[in-house]
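Next comes entry-v7.txt, a file with compact mmCIF, C-alpha atoms.
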```
# COMPACT_ATOMS: atom_id res chain seq x y z
CA MET A 9 6.72 -15.22 17.34
CA ASP A 10 6.26 -16.23 21.02
CA PRO A 11 7.69 -13.61 23.38
CA THR A 12 8.32 -16.23 26.07
CA THR A 13 10.96 -17.87 23.90
CA HIS A 14 12.53 -14.66 22.64
CA THR A 15 15.64 -12.76 23.75
CA PRO A 16 14.68 -12.37 27.46
CA THR A 17 14.52 -16.16 27.87
CA ILE A 18 17.93 -16.57 26.27
CA LEU A 19 19.41 -13.90 28.56
CA LEU A 20 17.87 -15.59 31.61
CA ALA A 21 19.33 -18.98 30.63
CA ILE A 22 22.83 -17.56 30.10
CA GLY A 23 22.62 -15.68 33.40
CA ILE A 24 21.65 -18.82 35.35
CA LEU A 25 24.50 -20.75 33.72
CA CYS A 26 27.03 -18.07 34.74
CA VAL A 27 25.79 -18.08 38.36
CA PHE A 28 25.88 -21.90 38.40
CA LEU A 29 29.53 -21.94 37.30
CA ALA A 30 30.38 -19.21 39.83
CA VAL A 31 28.90 -21.28 42.68
CA PHE A 32 30.34 -24.68 41.76
CA GLY A 33 33.56 -23.55 40.05
CA GLY A 34 33.60 -26.17 37.28
CA GLY A 35 35.78 -29.27 37.34
CA PHE A 36 33.08 -31.78 36.40
CA LYS A 37 31.61 -33.53 33.35
CA ILE A 38 28.06 -33.69 31.98
CA LYS A 39 27.91 -36.58 29.48
CA GLU A 40 30.45 -35.66 26.74
CA ILE A 41 30.81 -32.05 27.95
CA SER A 42 33.77 -31.33 30.24
CA ILE A 43 33.68 -28.17 32.41
CA PRO A 44 37.22 -27.15 33.51
CA GLN A 45 38.03 -25.76 36.96
CA ILE A 46 37.54 -21.97 37.17
CA ASP A 47 39.68 -19.67 39.37
CA LYS A 48 38.15 -17.45 42.06
CA VAL A 49 38.44 -14.21 40.10
CA SER A 50 36.63 -15.69 37.09
CA ARG A 51 33.97 -17.14 39.38
CA SER A 52 33.37 -13.72 40.97
CA LEU A 53 33.14 -12.00 37.59
CA GLY A 54 30.85 -14.75 36.31
CA ALA A 55 28.52 -14.29 39.28
CA VAL A 56 28.25 -10.53 38.70
CA PHE A 57 27.72 -10.99 34.95
CA GLY A 58 25.14 -13.75 35.44
CA LEU A 59 23.11 -11.74 37.97
CA ALA A 60 23.18 -8.76 35.61
CA LEU A 61 21.79 -10.86 32.75
CA ILE A 62 19.07 -12.29 34.98
CA ALA A 63 18.04 -8.78 36.04
CA TRP A 64 18.11 -7.53 32.44
CA SER A 65 15.85 -10.37 31.26
CA GLN A 66 13.26 -9.36 33.85
CA ILE A 67 13.07 -5.68 32.85
CA GLY A 68 9.76 -6.44 31.08
CA THR A 69 7.99 -6.47 34.49
CA ILE A 70 8.37 -2.68 34.58
CA LYS A 71 5.01 -1.14 33.76
CA MET A 72 4.66 1.06 30.69
CA PRO A 73 2.63 4.32 30.50
CA GLU A 74 -1.12 3.96 30.01
CA ALA A 75 -2.33 3.90 26.39
CA GLY A 76 -4.22 7.18 26.91
CA ASN A 77 -0.97 9.04 27.57
CA GLU A 78 0.92 7.73 24.54
CA THR A 79 1.86 9.75 21.47
CA HIS A 80 0.27 8.00 18.48
CA THR A 81 1.91 7.79 15.07
CA ALA A 82 0.65 6.03 11.92
CA LEU A 83 2.69 4.63 9.07
CA ALA A 84 3.13 6.77 5.96
CA GLN A 85 1.10 5.45 3.00
CA PRO A 86 3.16 4.48 -0.09
CA VAL A 87 2.59 6.78 -3.08
CA SER A 88 2.76 5.54 -6.67
CA VAL A 89 4.20 7.47 -9.62
CA ALA A 90 0.72 7.66 -11.18
CA SER A 91 -0.97 9.15 -8.12
CA VAL A 92 1.73 11.45 -6.81
CA ALA A 93 1.00 14.15 -9.38
CA ASP A 94 -2.50 14.49 -7.91
CA VAL A 95 -1.15 15.66 -4.58
CA ALA A 96 0.50 18.73 -6.15
CA GLY A 97 3.93 18.20 -4.75
CA ASP A 98 2.76 17.24 -1.26
CA GLN A 99 5.49 14.70 -0.54
CA ALA A 100 4.96 12.03 2.12
CA GLU A 101 7.40 12.21 5.03
CA ALA A 102 8.65 9.14 6.90
CA LEU A 103 7.20 9.20 10.44
CA THR A 104 9.18 8.38 13.57
CA PRO A 105 7.41 5.86 15.85
CA PRO A 106 7.22 6.74 19.56
CA ALA A 107 9.28 5.00 22.26
CA VAL A 108 6.23 2.88 23.09
CA LEU A 109 4.20 1.08 20.43
CA PRO A 110 1.11 3.06 19.30
CA GLY A 111 -2.29 2.31 20.80
CA THR A 112 -4.96 0.00 19.43
CA ASP A 113 -6.89 2.93 17.93
CA LYS A 114 -4.19 3.16 15.23
CA ILE A 115 -4.33 -0.49 14.18
CA ASP A 116 -7.13 0.16 11.67
CA GLU A 117 -4.89 2.68 9.89
CA LEU A 118 -2.31 -0.04 9.26
CA GLU A 119 -4.68 -2.55 7.67
CA PRO A 120 -4.86 -0.87 4.21
CA LEU A 121 -1.09 -1.39 3.91
CA TRP A 122 -1.21 -5.16 4.33
CA ASP A 123 -2.21 -6.00 0.76
CA THR A 124 0.59 -3.81 -0.66
CA LEU A 125 3.41 -5.31 1.42
CA GLU A 126 5.29 -8.52 0.82
CA ILE A 127 4.82 -11.52 3.11
CA ALA A 128 7.66 -10.73 5.55
CA ASN A 129 6.34 -7.24 6.22
CA GLN A 130 2.74 -8.46 6.46
CA ASP A 131 3.94 -10.84 9.19
CA LEU A 132 5.64 -7.94 10.95
CA LEU A 133 2.47 -5.86 11.01
CA ALA A 134 0.47 -8.88 12.18
CA GLU A 135 2.96 -9.32 15.04
CA TYR A 136 2.60 -5.62 15.83
CA VAL A 137 -1.18 -6.03 16.12
CA LYS A 138 -0.94 -9.25 18.13
CA ILE A 139 1.29 -7.93 20.89
CA LYS A 140 -0.76 -4.76 21.23
CA GLU A 141 -4.17 -6.44 21.30
CA GLY A 142 -3.12 -9.46 23.34
CA GLU A 143 -3.35 -9.70 27.10
CA GLY A 144 -0.25 -9.05 29.18
CA PHE A 145 1.23 -6.40 26.90
CA ASP A 146 2.65 -4.46 29.84
CA ASP A 147 4.40 -7.63 31.05
CA LEU A 148 6.39 -8.07 27.83
CA SER A 149 10.04 -7.09 28.10
CA LEU A 150 11.26 -3.69 26.89
CA ILE A 151 13.80 -5.50 24.70
CA TYR A 152 11.09 -7.44 22.84
CA LYS A 153 8.86 -4.40 22.32
CA SER A 154 11.85 -2.38 21.18
CA GLU A 155 12.75 -4.99 18.55
CA VAL A 156 9.27 -4.89 17.02
CA ASN A 157 9.17 -1.11 17.23
CA ASN A 158 12.53 -0.78 15.47
CA LYS A 159 11.35 -3.02 12.63
CA ILE A 160 8.18 -0.94 12.28
CA ASP A 161 10.40 2.15 12.22
CA SER A 162 12.60 0.76 9.43
CA LEU A 163 9.57 -0.34 7.41
CA ASN A 164 8.04 3.11 7.81
CA GLU A 165 11.30 4.76 6.73
CA ALA A 166 11.37 2.65 3.55
CA ILE A 167 7.74 3.51 2.69
CA GLY A 168 8.50 7.22 3.14
CA ALA A 169 11.66 7.02 1.03
CA VAL A 170 9.81 5.36 -1.86
CA SER A 171 7.02 7.95 -1.64
CA ARG A 172 9.48 10.85 -1.81
CA THR A 173 11.30 9.24 -4.74
CA ASP A 174 8.07 8.81 -6.68
CA ALA A 175 7.12 12.42 -5.97
CA TYR A 176 10.50 13.68 -7.14
CA LEU A 177 10.38 11.70 -10.38
CA ALA A 178 6.86 12.98 -11.09
CA GLY A 179 7.97 16.61 -10.76
CA GLU A 180 7.43 18.47 -14.03
CA MET A 181 10.14 21.01 -13.21
CA THR A 182 12.81 18.41 -12.47
CA THR A 183 15.30 18.00 -15.29
CA LEU A 184 16.19 14.65 -16.81
CA ALA A 185 19.77 14.94 -15.50
CA GLU A 186 18.50 15.68 -11.97
CA LYS A 187 16.26 12.60 -12.02
CA VAL A 188 19.15 10.37 -13.10
CA ALA A 189 21.38 11.75 -10.33
CA TYR A 190 18.61 11.35 -7.72
CA LEU A 191 18.00 7.70 -8.64
CA ASP A 192 21.73 6.97 -8.52
CA ASP A 193 21.92 8.41 -4.99
CA PHE A 194 18.77 6.58 -3.91
CA SER A 195 20.15 3.28 -5.21
CA ASP A 196 23.17 3.67 -2.91
CA GLN A 197 21.07 4.63 0.12
CA ALA A 198 18.44 1.93 -0.45
CA GLN A 199 20.86 -0.82 0.61
CA GLY A 200 20.07 -0.08 4.26
CA LEU A 201 16.28 0.28 3.84
CA ARG A 202 13.59 -2.34 4.43
CA LEU A 203 12.35 -2.11 0.82
CA SER A 204 10.00 -4.72 -0.56
CA GLY A 205 11.23 -6.84 -3.47
CA LYS A 206 8.52 -5.28 -5.67
CA ASP A 207 9.71 -1.72 -4.94
CA LYS A 208 13.35 -2.69 -5.49
CA GLU A 209 12.57 -4.17 -8.91
CA ARG A 210 10.40 -1.23 -9.98
CA LEU A 211 12.90 1.44 -8.94
CA ALA A 212 15.73 -0.49 -10.60
CA ARG A 213 13.75 -0.54 -13.86
CA GLU A 214 13.07 3.18 -13.59
CA GLN A 215 16.74 3.89 -12.93
CA GLN A 216 17.71 2.00 -16.09
CA ALA A 217 14.98 3.71 -18.13
CA TYR A 218 15.96 7.22 -17.07
CA LYS A 219 19.66 6.48 -17.63
CA ALA A 220 18.93 5.16 -21.15
CA ALA A 221 16.79 8.22 -21.93
CA PHE A 222 19.56 10.53 -20.73
CA ASP A 223 22.28 8.72 -22.71
CA ASN A 224 20.23 8.87 -25.93
CA SER A 225 18.99 12.43 -25.51
CA ALA A 226 20.27 15.92 -26.17
CA ARG A 227 21.65 17.45 -22.98
CA ILE A 228 23.07 20.57 -21.37
CA ALA A 229 26.43 19.80 -19.80
CA SER A 230 26.49 22.64 -17.24
CA SER A 231 24.60 25.76 -16.12
CA ASN A 232 27.05 27.88 -18.15
CA ASP A 233 25.75 26.21 -21.32
CA PHE A 234 22.25 27.70 -20.96
CA LEU A 235 22.18 31.51 -20.52
CA THR A 236 19.99 34.59 -20.93
CA CYS A 237 21.88 37.45 -22.59
CA THR A 238 21.56 41.09 -23.59
CA SER A 239 22.79 40.26 -27.10
CA ILE A 240 24.50 37.61 -29.24
CA GLU A 241 27.76 38.28 -31.08
CA ASN A 242 29.42 35.72 -33.39
CA ARG A 243 26.99 33.09 -32.07
CA ASN A 244 28.20 33.66 -28.50
CA CYS A 245 26.54 35.30 -25.51
CA ARG A 246 27.87 38.88 -25.30
CA ARG A 247 26.75 39.53 -21.70
CA SER A 248 24.91 37.05 -19.53
CA THR A 249 22.33 38.47 -17.10
CA SER A 250 19.04 37.57 -15.41
CA ARG A 251 17.78 41.18 -15.05
CA PHE A 252 16.41 43.27 -17.90
CA SER A 253 14.84 46.72 -18.15
CA SER A 254 11.40 46.99 -19.76
CA PRO A 255 10.92 46.93 -22.67
CA ALA A 256 13.59 44.27 -23.15
CA ARG A 257 14.98 42.16 -25.94
CA VAL A 258 15.89 38.94 -24.14
CA TRP A 259 18.25 36.51 -25.84
CA VAL A 260 18.79 32.89 -24.91
CA TRP A 261 22.01 31.04 -25.76
CA ALA A 262 22.54 27.30 -25.38
CA ARG A 263 25.29 24.79 -26.12
CA VAL A 264 23.63 21.41 -26.62
CA ALA A 265 25.39 18.05 -26.75
CA SER A 266 23.63 15.22 -28.54
CA PRO A 267 24.58 11.65 -29.55
CA LYS A 268 22.39 11.95 -32.68
CA ASP A 269 20.50 14.38 -34.91
CA THR A 270 17.37 15.42 -33.03
CA GLN A 271 15.07 18.28 -32.09
CA VAL A 272 14.81 20.49 -29.00
CA THR A 273 12.21 23.09 -28.03
CA LEU A 274 12.56 26.44 -26.22
CA ARG A 275 9.53 27.60 -24.23
CA TRP A 276 9.12 31.03 -22.63
CA VAL A 277 6.86 31.10 -19.58
CA ASN A 278 5.48 34.03 -17.56
CA LEU A 279 5.87 32.79 -13.97
CA ASP A 280 3.43 35.36 -12.60
CA THR A 281 0.54 34.30 -14.86
CA LYS A 282 1.72 30.68 -15.42
CA GLU A 283 1.22 31.18 -19.16
CA GLN A 284 3.51 30.17 -22.01
CA VAL A 285 4.30 33.27 -24.04
CA ASN A 286 6.50 31.81 -26.77
CA SER A 287 7.80 28.50 -28.16
CA ARG A 288 10.36 27.65 -30.82
CA ARG A 289 11.66 24.30 -32.09
CA PHE A 290 15.24 23.72 -33.28
CA THR A 291 16.75 20.89 -35.29
CA ILE A 292 20.24 20.11 -34.05
CA ARG A 293 22.99 17.86 -35.38
CA LYS A 294 24.97 15.18 -33.62
CA SER A 295 27.56 17.21 -31.73
CA SER A 296 29.37 17.71 -28.45
CA GLY A 297 28.36 21.37 -28.43
CA TYR A 298 25.75 22.48 -30.97
CA ARG A 299 24.88 26.15 -30.35
CA ILE A 300 21.36 27.55 -30.62
CA THR A 301 20.12 31.11 -30.00
CA GLY A 302 16.73 32.79 -29.85
CA ALA A 303 15.25 36.12 -28.78
CA LYS A 304 11.95 37.59 -27.64
CA SER A 305 10.80 41.13 -26.94
CA VAL A 306 9.25 41.44 -23.48
CA ALA A 307 7.42 44.65 -22.61
CA GLU A 308 5.49 43.56 -19.53
CA SER A 309 7.38 43.64 -16.23
CA GLY A 310 7.47 40.41 -14.27
CA ASN A 311 9.22 37.11 -13.63
CA TYR A 312 9.89 34.72 -16.51
CA GLU A 313 11.56 31.40 -17.23
CA ILE A 314 13.02 29.83 -20.35
CA ARG A 315 12.83 26.04 -20.53
CA LEU A 316 14.57 23.64 -22.92
CA TYR A 317 12.93 20.30 -23.77
CA ASN A 318 14.19 17.32 -25.77
CA ALA A 319 12.33 15.52 -28.57
CA ASP A 320 10.45 13.39 -25.99
CA ASP A 321 9.33 16.54 -24.12
CA ALA A 322 11.59 15.83 -21.13
CA LEU A 323 12.94 18.95 -19.42
CA LEU A 324 16.68 19.48 -20.08
CA ALA A 325 17.34 22.91 -18.55
CA ARG A 326 15.60 25.99 -17.16
CA ARG A 327 16.68 29.55 -16.42
CA GLN A 328 14.72 32.37 -14.77
CA PHE A 329 14.98 36.08 -15.51
CA GLU A 330 13.09 39.23 -14.53
CA VAL A 331 12.01 42.33 -16.42
CA ARG A 332 11.64 45.58 -14.45
```
Spit out the file's structure as structure tokens when you get a sec.
Amino acid sequence: MDPTTHTPTILLAIGILCVFLAVFGGGFKIKEISIPQIDKVSRSLGAVFGLALIAWSQIGTIKMPEAGNETHTALAQPVSVASVADVAGDQAEALTPPAVLPGTDKIDELEPLWDTLEIANQDLLAEYVKIKEGEGFDDLSLIYKSEVNNKIDSLNEAIGAVSRTDAYLAGEMTTLAEKVAYLDDFSDQAQGLRLSGKDKERLAREQQAYKAAFDNSARIASSNDFLTCTSIENRNCRRSTSRFSSPARVWVWARVASPKDTQVTLRWVNLDTKEQVNSRRFTIRKSSGYRITGAKSVAESGNYEIRLYNADDALLARRQFEVR
């Protein structure tokens, strides 16, 4: 992309044409093109407009701050589903590029991204490097530098969004229903992002896979269908609570919907020690509301959580309680 033939040149050409018409007023022909006579008011307005465009196209002669005084920002690295678990929930944030393009000392940080981006975005990063390393950078117009900077910004935003999505999907404490809802929202928002074709295809496949898993799995319809209780009466929760006095007999009550006969597992976890203290598997029938109950005696004070998993070990629901 040659900056001399970019937007500033177009603005300059239009500006000169407007001033030309303002001076001569039209009423002549150039080959097959006929220019009608223009009244004085239009000629005056055309002169002002043309001079404004000429001035605008020359803004690039304004000198930019020295590279040593710039705020430098690097692009966020994309994170894959396989690697995101290794960062222990440390989600990548999309960075906001500064008003002026970063200095040459940041170019090396961009190079590892090139092989992972599709051709159009590789060209964009190459253009970014070229205009920063080339001579006469300060003489380029603000409009041109802003265009490249905005594209870098949108590319960076897309990389950050994909990284956060991968991190969310890799979360062990995110329920299957939450992952489906997140991907549905991301699919709507992704229309305005500069996503690569590879990322679009991969995330679309994951959205379909999670939706299929949810449709074919047991599920908890609402938070009121998974409770901790003081006791169970007639297969219903007598009193729901999240606070118990030690020693406590803690009951769990769940209403599970399932499109087929399947199994679910209840796991009791001590949040203070991170240890599983109990586990029980249930066989449930195809139903819109199959009820299951279970209880455990807890003598040690602390914070606990009960988690419900489907037959594929995907988290369906979780509820915390404390014993004091």
Find the smallest box with edges along x, y and z containing every listed atom of stretch 250-268 of chain A, then add 3 Å on each side and report centre and edge lengths in Å to one decimal, as AutoDock Vina command-line options.
```
--center_x 18.2 --center_y 29.3 --center_z -23.9 --size_x 20.5 --size_y 41.3 --size_z 23.6
```
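Among the candidate residues A:Arg293, A:Arg263, A:Arg210, A:Arg275, the one lying nearest to A:Glu313 is A:Arg275, with distances computed using only C-alpha atoms.
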Discussion item. So, with only C-alpha atoms as the atoms that count, which of A:Asp269, A:Trp276, A:Ile300, A:Arg251 lies closest to A:Arg332?
Written reply: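 Under the stated criterion, the closest residue is A:Arg251.
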(request) Name the residues in contact with A:Arg289 at a cut-off of 8 Å, using only C-alpha atoms, excluding same-chain residues fewer than 6 positions from it; report them as an MDAnalysis selection string. (result) chainID A and resid 271:274
Contacts of A:Ser305 at 8 Å or less, counting only C-alpha atoms, minus same-chain residues fewer than 5 places along, as a PDB file with C-alpha atoms, in the frame of the given file?
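Generated file (selection_34.pdb):
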```pdb
ATOM      1  CA  PRO A 255      10.920  46.930 -22.670  1.00  0.00           C
ATOM      2  CA  ALA A 256      13.590  44.270 -23.150  1.00  0.00           C
ATOM      3  CA  ARG A 257      14.980  42.160 -25.940  1.00  0.00           C
ATOM      4  CA  VAL A 258      15.890  38.940 -24.140  1.00  0.00           C
TER       5      VAL A 258
END
```
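Closest approach to A:Ser52 among A:Val27, A:Ile18, A:Val331, A:Lys206 is made by A:Val27 (distances from all atoms listed in the file).
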query = What is the atom CA of A:Ala303 to atom CA of A:Asn232 distance in Å?
reply =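 Rounded to one decimal, the two atoms are 17.9 Å apart.
Rounded to one decimal, atom CA of A:Tyr218 and atom CA of A:Tyr298 lie 22.8 Å from each other.
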(message) Could you tell me how far atom CA of A:Lys294 sits from atom CA of A:Ala189, in Å to one decimal place?
(response)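 Interatomic distance here is 23.8 Å.
Closest approach to A:Thr301 among A:Leu279, A:Val264, A:Ala21, A:Val156: A:Val264, based on all atoms listed in the file.
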Give me, as a PyMOL selection string, all polymer residues having an atom no more than 9 Å from A:Arg51, counting all atoms listed in the file and skipping those fewer than 3 positions away in the same chain. chain A and resi 26-27+29-33+46-48+54-56
Next on the checklist: as a ChimeraX atom specification, please: the residues near A:Trp261 (cut-off 9 Å, all atoms listed in the file, same-chain neighbours under 2 positions excluded).
Outcome noted: /A:233-237,240,243-245,259,263,299-303
Worksheet item: Counting only C-alpha atoms, what is within 12 Å of A:Ala229, bar same-chain residues fewer than 2 positions away, as a ChimeraX atom specification?
Response: /A:184-186,222,225-227,231-234,262-266,296-298,324-325
Expected file: the selected residues, C-alpha atoms, as a PDB file, in the coordinates of the input:
```pdb
ATOM      1  CA  LEU A 184      16.190  14.650 -16.810  1.00  0.00           C
ATOM      2  CA  ALA A 185      19.770  14.940 -15.500  1.00  0.00           C
ATOM      3  CA  GLU A 186      18.500  15.680 -11.970  1.00  0.00           C
ATOM      4  CA  PHE A 222      19.560  10.530 -20.730  1.00  0.00           C
ATOM      5  CA  SER A 225      18.990  12.430 -25.510  1.00  0.00           C
ATOM      6  CA  ALA A 226      20.270  15.920 -26.170  1.00  0.00           C
ATOM      7  CA  ARG A 227      21.650  17.450 -22.980  1.00  0.00           C
ATOM      8  CA  SER A 231      24.600  25.760 -16.120  1.00  0.00           C
ATOM      9  CA  ASN A 232      27.050  27.880 -18.150  1.00  0.00           C
ATOM     10  CA  ASP A 233      25.750  26.210 -21.320  1.00  0.00           C
ATOM     11  CA  PHE A 234      22.250  27.700 -20.960  1.00  0.00           C
ATOM     12  CA  ALA A 262      22.540  27.300 -25.380  1.00  0.00           C
ATOM     13  CA  ARG A 263      25.290  24.790 -26.120  1.00  0.00           C
ATOM     14  CA  VAL A 264      23.630  21.410 -26.620  1.00  0.00           C
ATOM     15  CA  ALA A 265      25.390  18.050 -26.750  1.00  0.00           C
ATOM     16  CA  SER A 266      23.630  15.220 -28.540  1.00  0.00           C
ATOM     17  CA  SER A 296      29.370  17.710 -28.450  1.00  0.00           C
ATOM     18  CA  GLY A 297      28.360  21.370 -28.430  1.00  0.00           C
ATOM     19  CA  TYR A 298      25.750  22.480 -30.970  1.00  0.00           C
ATOM     20  CA  LEU A 324      16.680  19.480 -20.080  1.00  0.00           C
ATOM     21  CA  ALA A 325      17.340  22.910 -18.550  1.00  0.00           C
TER      22      ALA A 325
END
```
